[in-house]
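What follows is the content of final-v4.txt (compact mmCIF, C-alpha atoms).
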# COMPACT_ATOMS: atom_id res chain seq x y z
CA MET A 28 17.13 -8.83 -41.26
CA ALA A 29 17.55 -8.24 -37.50
CA ALA A 30 14.05 -9.61 -36.82
CA ASP A 31 14.84 -12.77 -38.78
CA THR A 32 18.05 -13.20 -36.83
CA LEU A 33 16.25 -12.76 -33.49
CA GLU A 34 13.61 -15.31 -34.50
CA GLU A 35 16.31 -17.81 -35.44
CA VAL A 36 18.06 -17.27 -32.07
CA ASN A 37 14.76 -17.82 -30.22
CA LYS A 38 14.12 -21.05 -32.12
CA THR A 39 17.68 -22.22 -31.49
CA ASN A 40 17.31 -21.65 -27.74
CA ASN A 41 13.76 -23.09 -27.67
CA ILE A 42 12.33 -19.78 -26.43
CA ASP A 43 8.57 -19.60 -26.72
CA GLU A 44 7.59 -15.95 -26.26
CA PRO A 45 4.14 -16.58 -24.68
CA THR A 46 5.69 -18.75 -21.92
CA MET A 47 8.03 -15.90 -20.94
CA LYS A 48 5.12 -13.82 -19.65
CA GLU A 49 4.82 -14.05 -15.88
CA VAL A 50 1.37 -14.38 -14.38
CA SER A 51 0.90 -12.22 -11.28
CA ILE A 52 1.19 -14.44 -8.24
CA TRP A 53 -1.27 -12.18 -6.42
CA LYS A 54 -4.03 -13.50 -8.70
CA SER A 55 -3.39 -17.14 -7.81
CA SER A 56 -5.87 -18.73 -5.42
CA LEU A 57 -3.24 -21.33 -4.52
CA ALA A 58 -0.78 -18.58 -3.57
CA TRP A 59 -3.40 -17.02 -1.30
CA GLN A 60 -4.06 -20.37 0.36
CA VAL A 61 -0.34 -20.73 1.06
CA THR A 62 -0.28 -17.15 2.38
CA ILE A 63 -3.26 -17.68 4.70
CA TYR A 64 -1.78 -20.94 5.97
CA MET A 65 1.54 -19.21 6.58
CA GLY A 66 -0.08 -16.33 8.45
CA LEU A 67 -2.45 -18.37 10.61
CA GLN A 68 0.14 -20.93 11.71
CA SER A 69 2.43 -18.05 12.67
CA MET A 70 -0.39 -16.33 14.55
CA ILE A 71 -1.13 -19.51 16.49
CA PHE A 72 2.53 -20.00 17.40
CA TYR A 73 2.99 -16.38 18.50
CA CYS A 74 -0.12 -16.60 20.66
CA ILE A 75 1.08 -19.82 22.29
CA VAL A 76 4.54 -18.44 23.04
CA THR A 77 3.09 -15.18 24.36
CA TRP A 78 0.16 -16.39 26.45
CA LEU A 79 0.65 -20.09 27.29
CA PRO A 80 2.39 -19.45 30.63
CA SER A 81 -0.39 -17.03 31.66
CA ILE A 82 -3.05 -19.57 30.70
CA LEU A 83 -1.38 -22.31 32.74
CA ILE A 84 -0.81 -20.05 35.74
CA GLN A 85 -4.49 -19.13 35.77
CA GLN A 86 -5.29 -22.85 35.69
CA GLY A 87 -3.29 -23.40 38.86
CA MET A 88 0.35 -23.94 37.88
CA THR A 89 3.25 -22.04 39.36
CA SER A 90 5.23 -19.69 37.12
CA SER A 91 8.13 -22.16 37.17
CA GLN A 92 5.90 -25.04 36.03
CA ALA A 93 4.36 -22.89 33.30
CA GLY A 94 7.82 -21.95 32.05
CA TRP A 95 8.83 -25.61 31.89
CA MET A 96 5.68 -26.39 29.92
CA LEU A 97 6.65 -23.83 27.30
CA SER A 98 10.12 -25.41 27.11
CA ILE A 99 8.58 -28.87 26.67
CA MET A 100 6.44 -27.56 23.82
CA GLN A 101 9.47 -26.20 21.99
CA LEU A 102 11.44 -29.41 22.61
CA ALA A 103 8.60 -31.31 20.92
CA LEU A 104 8.49 -28.78 18.07
CA ILE A 105 12.15 -28.80 16.98
CA PRO A 106 12.60 -32.46 15.86
CA THR A 107 9.12 -32.46 14.34
CA ILE A 108 10.17 -29.69 11.92
CA PHE A 109 12.95 -31.85 10.44
CA PHE A 110 10.83 -35.00 10.38
CA CYS A 111 7.94 -33.27 8.60
CA SER A 112 10.27 -31.62 6.06
CA ILE A 113 11.58 -35.02 5.00
CA LEU A 114 8.09 -36.48 4.66
CA ALA A 115 6.76 -33.47 2.75
CA GLY A 116 9.59 -33.63 0.23
CA HIS A 117 8.79 -37.26 -0.62
CA THR A 118 5.06 -36.86 -1.27
CA SER A 119 3.26 -35.13 -4.13
CA SER A 120 0.35 -34.04 -1.92
CA GLN A 121 0.73 -33.10 1.72
CA HIS A 122 -2.93 -33.47 2.78
CA SER A 123 -2.22 -36.05 5.47
CA LEU A 124 0.60 -33.97 6.98
CA VAL A 125 -1.63 -30.89 7.09
CA MET A 126 -4.32 -32.96 8.82
CA VAL A 127 -1.91 -34.33 11.43
CA GLY A 128 -0.46 -30.92 12.24
CA SER A 129 -3.76 -29.07 12.55
CA LEU A 130 -5.53 -31.84 14.46
CA CYS A 131 -2.69 -31.97 17.00
CA ILE A 132 -3.11 -28.23 17.58
CA ILE A 133 -6.91 -28.39 17.79
CA ILE A 134 -6.81 -31.33 20.23
CA GLY A 135 -4.15 -29.54 22.27
CA PHE A 136 -6.29 -26.42 22.60
CA LEU A 137 -9.39 -28.45 23.40
CA GLY A 138 -7.45 -30.25 26.13
CA LEU A 139 -6.24 -26.97 27.64
CA LEU A 140 -9.81 -25.71 27.57
CA LEU A 141 -11.50 -28.76 29.10
CA VAL A 142 -9.01 -30.83 31.13
CA HIS A 143 -6.66 -29.07 33.56
CA SER A 144 -4.81 -31.84 35.39
CA PHE A 145 -1.01 -31.62 35.46
CA LYS A 146 -0.34 -34.92 33.65
CA SER A 147 -2.91 -34.27 30.93
CA THR A 148 -1.54 -30.76 30.39
CA ILE A 149 1.85 -32.24 29.52
CA LEU A 150 0.12 -34.25 26.78
CA TRP A 151 -1.67 -31.16 25.43
CA ILE A 152 1.59 -29.22 25.40
CA ILE A 153 3.42 -31.97 23.50
CA LEU A 154 0.59 -32.11 20.95
CA LEU A 155 0.80 -28.34 20.48
CA GLY A 156 4.54 -28.68 19.91
CA ILE A 157 4.14 -31.47 17.36
CA GLY A 158 1.37 -29.58 15.59
CA GLY A 159 3.40 -26.38 15.55
CA GLY A 160 6.36 -28.25 14.06
CA PHE A 161 4.23 -29.72 11.30
CA THR A 162 2.50 -26.46 10.37
CA PHE A 163 5.68 -24.36 10.41
CA SER A 164 7.62 -26.89 8.36
CA LEU A 165 4.85 -27.21 5.77
CA SER A 166 4.40 -23.44 5.47
CA MET A 167 8.09 -23.16 4.54
CA MET A 168 8.09 -26.19 2.25
CA PHE A 169 5.10 -24.93 0.25
CA PHE A 170 7.25 -22.15 -1.24
CA ASN A 171 9.18 -24.79 -3.20
CA LEU A 172 6.56 -27.52 -3.48
CA ARG A 173 3.90 -25.28 -5.04
CA THR A 174 6.20 -23.59 -7.59
CA ASN A 175 8.14 -24.66 -10.68
CA ASN A 176 11.33 -22.61 -10.44
CA ALA A 177 13.40 -20.39 -8.17
CA ASN A 178 11.79 -17.18 -9.44
CA GLU A 179 8.28 -18.37 -8.61
CA ALA A 180 9.43 -19.68 -5.22
CA ALA A 181 10.96 -16.30 -4.37
CA ARG A 182 7.80 -14.41 -5.36
CA LEU A 183 5.54 -16.80 -3.43
CA SER A 184 7.82 -16.58 -0.39
CA GLY A 185 7.78 -12.78 -0.53
CA MET A 186 3.98 -12.66 -0.77
CA ALA A 187 3.29 -15.28 1.89
CA GLN A 188 5.80 -14.00 4.45
CA SER A 189 4.99 -10.31 4.06
CA ILE A 190 1.21 -10.75 4.31
CA GLY A 191 1.43 -13.74 6.63
CA TYR A 192 3.66 -12.18 9.28
CA LEU A 193 1.67 -8.93 9.12
CA LEU A 194 -1.45 -10.96 9.90
CA ALA A 195 0.33 -12.94 12.59
CA ALA A 196 1.61 -9.82 14.36
CA PHE A 197 -1.91 -8.88 15.42
CA GLY A 198 -2.59 -12.28 17.00
CA PRO A 199 -1.10 -11.85 20.50
CA MET A 200 -2.60 -8.36 20.87
CA PHE A 201 -6.04 -9.53 19.77
CA PHE A 202 -6.09 -12.54 22.09
CA GLY A 203 -4.81 -10.41 24.94
CA TYR A 204 -7.70 -8.06 24.29
CA LEU A 205 -10.15 -11.00 24.37
CA HIS A 206 -8.75 -12.04 27.73
CA ASP A 207 -9.09 -8.53 29.16
CA ALA A 208 -12.64 -8.24 27.82
CA THR A 209 -13.80 -11.58 29.28
CA ASN A 210 -11.41 -11.82 32.26
CA ASN A 211 -10.62 -15.48 31.45
CA TRP A 212 -8.95 -17.59 28.77
CA THR A 213 -12.03 -19.50 27.62
CA MET A 214 -12.95 -17.23 24.71
CA PRO A 215 -9.34 -16.81 23.52
CA LEU A 216 -8.89 -20.61 23.48
CA ILE A 217 -12.19 -21.12 21.63
CA THR A 218 -11.10 -18.49 19.12
CA LEU A 219 -7.74 -20.20 18.67
CA ILE A 220 -9.58 -23.45 17.92
CA GLY A 221 -11.55 -21.58 15.26
CA VAL A 222 -8.36 -20.07 13.80
CA SER A 223 -6.77 -23.54 13.76
CA SER A 224 -9.77 -24.89 11.84
CA VAL A 225 -9.41 -22.14 9.21
CA CYS A 226 -5.68 -22.91 9.08
CA LEU A 227 -6.56 -26.55 8.40
CA LEU A 228 -8.88 -25.62 5.52
CA SER A 229 -6.34 -23.31 3.91
CA GLY A 230 -3.65 -25.96 4.39
CA LEU A 231 -5.73 -28.58 2.60
CA GLY A 232 -5.99 -26.20 -0.35
CA ALA A 233 -2.29 -25.33 -0.25
CA SER A 234 -1.24 -28.99 -0.06
CA ARG A 235 -2.77 -29.98 -3.39
CA ASN A 236 -0.37 -31.26 -6.04
CA LEU A 237 -0.56 -28.04 -8.08
CA SER A 238 1.67 -25.09 -8.94
CA VAL A 239 0.92 -21.39 -8.77
Show the structure stored in the file as structure tokens.
Amino acid sequence: MAADTLEEVNKTNNIDEPTMKEVSIWKSSLAWQVTIYMGLQSMIFYCIVTWLPSILIQQGMTSSQAGWMLSIMQLALIPTIFFCSILAGHTSSQHSLVMVGSLCIIIGFLGLLLVHSFKSTILWIILLGIGGGFTFSLSMMFFNLRTNNANEAARLSGMAQSIGYLLAAFGPMFFGYLHDATNNWTMPLITLIGVSSVCLLSGLGASRNLSV
């Protein structure tokens, strides 16, 4: 009698028992792509904030000029975050936004590596700021865009931020070690270009119009 009553209640409330089973988000390839994207964009940003002034000083700038460059980068980053968030929320796939963000970062690092004039450096710094704004905004937006409900968004956010920030925390130490080992910033910058390329690939996977 109780079983019949429970079945009637389930039918009345349109509860389908198989759909109530939660699939582990840790087994989702899409969730891992979001997590890797989250971690790598954070690693890149932490490395820029930590080491950019030192890179510029070694290239001939004064400490005051290097500090202003870091400020310019963050001034370019802040409005980009809001702009990208609006665009991402109005598109089903964010491939183009991922491309813009990562390419700005890659070009910025290539510029810092190859062209060291003062005026060109301002351009590279602005590109790094724009790219950082795009990648950070998208990494946050993916928690909602790649899920179907608040529960899934919370679980994806917990996975991506816990693993992602743990990965990102090693970035500044690792790139500082590369600098000490080579006594210049060439290898660290080349490595950051490689990390940015991996971030681009993971972002292209995370930006697909799918749900975890």
Residue with smallest distance to Cys111 (chain A) - pool A:Asn178, A:Ser164, A:Ser51, A:Gln188, counting all atoms listed in the file: A:Ser164
Quick check, in Å to one decimal: how far apart do CA of Val76 (chain A) and CA of Phe163 (chain A) lie? 14.0 Å
Could you pull the residues within 8 Å of Ile71 (chain A), counting only C-alpha atoms, minus those fewer than 4 positions along the same chain, as a PyMOL selection string? chain A and resi 67+75+195+198+219+222-223
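If you look at CA of Gly116 (chain A) and CA of Ser229 (chain A), they are 19.3 Å away from each other.
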Residue contacts of Gly191 (chain A) (7 Å, only C-alpha atoms) excluding same-chain residues fewer than 4 positions away, as a PyMOL selection string: chain A and resi 62-63+65-66+187+195
Any idea what's packed within 8 Å of Leu104 (chain A), counting only C-alpha atoms, ignoring anything in its chain fewer than 4 positions away? Could you give it as a compact mmCIF listing (two decimals) with C-alpha atoms, keeping the file's coordinate frame?
# COMPACT_ATOMS: atom_id res chain seq x y z
CA MET A 100 6.44 -27.56 23.82
CA ILE A 108 10.17 -29.69 11.92
CA GLY A 156 4.54 -28.68 19.91
CA ILE A 157 4.14 -31.47 17.36
CA GLY A 158 1.37 -29.58 15.59
CA GLY A 159 3.40 -26.38 15.55
CA GLY A 160 6.36 -28.25 14.06
Nearest to Ser81 (chain A) among A:Thr174, A:Ser224, A:Ser112, A:Asn211, with distances taken over all atoms listed in the file: which residue is it?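 Result for the nearest residue to Ser81 (chain A): A:Asn211.
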With 8 Å on each side, where is the centre of the axis-aligned box around all listed atoms of region 230-239 of chain A, and how long are its edges in Å to one decimal, as JSON?
{"center_x": -2.2, "center_y": -26.3, "center_z": -2.3, "size_x": 23.7, "size_y": 25.9, "size_z": 29.3}
Best match for closeness to Ser120 (chain A) among A:Ala103, A:Met168, A:Ala196, A:Leu141, counting only C-alpha atoms: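 Under the stated criterion, the closest residue is A:Met168.
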